[in-house]
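Chemist: One structure, as structure tokens, below. Some questions next.
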Amino acid sequence: MVIKIVTDVDLNEAYQYLQAPGAGGIDLFVGTVRDHAKGKKVVKLVFEAYAPMALKEMQKIAEAAQQQWPLEKLVMLHAVGEKLVGEPVVIIGVASAHRDAAFSACRFLIDELKKTVPIWKKEFYEDNSVWVNAHP
Amino acid sequence: MVIKIVTDVDLNEAYQYLQAPGAGGIDLFVGTVRDHAKGKKVVKLVFEAYAPMALKEMQKIAEAAQQQWPLEKLVMLHAVGEKLVGEPVVIIGVASAHRDAAFSACRFLIDELKKTVPIWKKEFYEDNSVWVNAHP
Amino acid sequence: MEILLFGITREIVGGSTLTVEPEQPLETVGQLKNWLADRYPAIKKLSSLAIAVDSEYADDAHPLAPGQEVALIPPVSGG
Amino acid sequence: MEILLFGITREIVGGSTLTVEPEQPLETVGQLKNWLADRYPAIKKLSSLAIAVDSEYADDAHPLAPGQEVALIPPVSGG
């Protein structure tokens with residue numbers, strides 16, 4: 001199990017960690033910076049993390065996934081700092097003997113990450129910027 | 001939309017095709033050679049395709065996915081020839097504005113590919129070999 | 001008529017193409033399937049057998065005509 | 001007591017840490033939340049506010065003690 005908060009997330013690095021002779025299915029989710037949000041043009045994102053706690057929370061989610069599905073390997077990489085349109089910000093990867101578990105676990109991991117892991121995203125539009133989810 | 005039957009599938013190539021400024025979620029499925037099947041040790045796989053028809057069938061599946069979900073990009077790569085344990089044999093990738101569509105479409109594409117695309121897999125064990133699914 | 005063979009059907013017949021020379025013309029996909037089953041009992045043991053005409057799945061009623069590309073499609077196992 | 005600030009709470013307070021010097025000791029997470037809400041009305045407008053003690057989410061009843069690492073956790077938005 002590899003869990004990291006880094007400046008740049010890398011797909012090849014993630015894929016490397018997912019190698020296992022018993023794995024037949026690997027699902028990789030890559031979250032990237034989209035050029036629009038809520039009808040506005042997005043220029044860039046800035047991510048900030050409370051790193052020690054974020055790593056702990058990611059670890060908890062990963063353990064929950066491992067209890068629920070038979071996983072060979074698991075990787076969670078999240079970027080911090082400034083990210084431009086098209087750049088990857090988060091990579092979740094799961095290797096399992098069968099694809100069912102890989103898809104389900106990967107989906108679970110990204111959904112839970114978004115709910116509990118102390119990482120914050122500021123969206124910069126052409127005219128202003130907003131901390132995502134901060135206000136109702 | 002990129003659909004190919006190739007000697008070696010490549011994750012970076014697939015990821016390249018999935019770049020789109022409107023994409024926020026990319027889901028990649030990589031099918032790899034597992035070291036066991038039905039309780040037996042697998043030494044290698046050999047894939048054979050009826051390529052012109054396989055490409056047509058993959059195209060149909062891709063179009064069905066595009067009708068069902070709002071997709072920015074879609075890639076399906078399938079290998080032919082001999083593949084050893086750990087090697088990737090199929091890569092399915094989908095980029096969409098939101099992760100829901102990316103996960104659902106990716107899952108749909110690999111499930112359908114396994115049902116209809118004329119590609120055949122021979123599993124080589126230590127003592128014999130079998131065309132997968134051939135017999136009840 | 002020459003038909004393309006793949007996977008286990010290639011091994012059953014012992015070649016990647018088979019020249020079909022029936023006594024009476026085979027007019028449909030269904031008739032071709034029966035002709036094959038009579039000559040290659042191993043084909044009857046497969047989980048399923050489909051026929052593609054011009055690289056599209058064709059049902060039993062599908063007519064056969066000269067110049068078509070015909071292929072046997074044993075149970076697929078890609079992915 | 002010094003608390004760590006992130007995201008919008010860092011901007012509301014205007015710094016990445018806040019030294020909390022209450023007139024009366026804050027004994028629980030709930031009391032700290034009330035103290036903050038009184039001094040920073042903008043905090044009350046957030047969708048939610050959690051407190052982490054020693055890098056774990058802590059509920060309102062959680063006791064505060066010297067030597068703990070305390071952090072404000074505004075609504076998260078990773079991924």
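Letters for chains follow the order of the structure tokens (A, B, ...), residue numbers begin at 1 for each chain, and ligand numbers begin at 1 in the order shown.
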Could you please select, counting only C-alpha atoms, the residues of chain B within 12 Å of chain D and state them as a list in words?
Modeler: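 Here is what falls inside 12 Å: Gly24, Gly25, His98 and Arg99 of chain B.
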Chemist: Restricted to N, CA, C and O atoms, what would the selected residues look like written as an mmCIF file, in the first residue's frame?
Modeler:
```cif
data_model
loop_
_atom_site.group_PDB
_atom_site.id
_atom_site.type_symbol
_atom_site.label_atom_id
_atom_site.label_comp_id
_atom_site.auth_asym_id
_atom_site.auth_seq_id
_atom_site.Cartn_x
_atom_site.Cartn_y
_atom_site.Cartn_z
ATOM 1 N N GLY B 24 -12.433 16.195 -15.976
ATOM 2 C CA GLY B 24 -12.035 16.294 -14.575
ATOM 3 C C GLY B 24 -11.753 14.931 -13.993
ATOM 4 O O GLY B 24 -11.057 14.797 -13.001
ATOM 5 N N GLY B 25 -12.307 13.893 -14.635
ATOM 6 C CA GLY B 25 -12.118 12.535 -14.134
ATOM 7 C C GLY B 25 -11.747 11.586 -15.255
ATOM 8 O O GLY B 25 -12.403 11.556 -16.298
ATOM 9 N N HIS B 98 -17.053 14.566 -15.135
ATOM 10 C CA HIS B 98 -17.260 14.075 -13.767
ATOM 11 C C HIS B 98 -16.926 12.589 -13.654
ATOM 12 O O HIS B 98 -17.057 11.843 -14.610
ATOM 13 N N ARG B 99 -16.546 12.166 -12.458
ATOM 14 C CA ARG B 99 -16.037 10.812 -12.295
ATOM 15 C C ARG B 99 -17.099 9.736 -12.437
ATOM 16 O O ARG B 99 -16.789 8.610 -12.816
#
```
Chemist: Per residue of chain B within 6 Å of chain A, what are the shortest atom pair and its distance in Å to one decimal, counting only C-alpha atoms, with rows by chain and residue number, as a Markdown table?
Modeler:
```
| residue | atom | partner | partner_atom | distance |
| --- | --- | --- | --- | --- |
| B:Pro21 | CA | A:Asp35 | CA | 5.4 |
| B:Gly22 | CA | A:Arg34 | CA | 5.1 |
| B:Ala23 | CA | A:Arg34 | CA | 5.4 |
| B:Gly24 | CA | A:Thr32 | CA | 4.8 |
| B:Gly25 | CA | A:Gly31 | CA | 4.7 |
| B:Ile26 | CA | A:Val30 | CA | 5.0 |
| B:Asp27 | CA | A:Phe29 | CA | 4.6 |
| B:Leu28 | CA | A:Leu28 | CA | 5.0 |
| B:Phe29 | CA | A:Asp27 | CA | 4.6 |
| B:Val30 | CA | A:Ile26 | CA | 5.0 |
| B:Gly31 | CA | A:Gly25 | CA | 4.7 |
| B:Thr32 | CA | A:Gly24 | CA | 4.8 |
| B:Val33 | CA | A:Gly24 | CA | 5.7 |
| B:Arg34 | CA | A:Gly24 | CA | 4.8 |
| B:Asp35 | CA | A:Pro21 | CA | 5.4 |
| B:Gly86 | CA | A:Pro21 | CA | 5.4 |
```
Chemist: Leaving out range 2-7 of chain B and any residue of its chain fewer than 4 positions from it, which residues lie within 8 Å of it when counting only C-alpha atoms, given as number ranges by chain?
Modeler: B: 17, 51, 55, 58-59, 74-81
Chemist: When you draw a straight line from CA of His62 in chain D to CA of Ile119 in chain A, how long is it in Å?
Modeler: 22.6 Å
Chemist: Leaving out Val29 in chain D and any residue of its chain fewer than 2 positions from it, which residues lie within 9 Å of it when counting only C-alpha atoms, given as a VMD selection string?
Modeler: chain D and resid 26 to 27 31 to 34 51 to 53 58 to 64
Chemist: Could you please write out, as a PyMOL selection string, every residue of chain C that DSSP assigns to strand (DSSP E or B)?
Modeler: chain C and resi 2-4+17-19+28+50-53+56-58+63+70-73
Chemist: Given only C-alpha atoms as the basis, pick out the residue of A:Leu45, A:Ala62, A:Ala105, A:Ala54 nearest to Glu82 in chain A.
Modeler: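 Among the listed residues, A:Leu45 lies closest to Glu82 in chain A.
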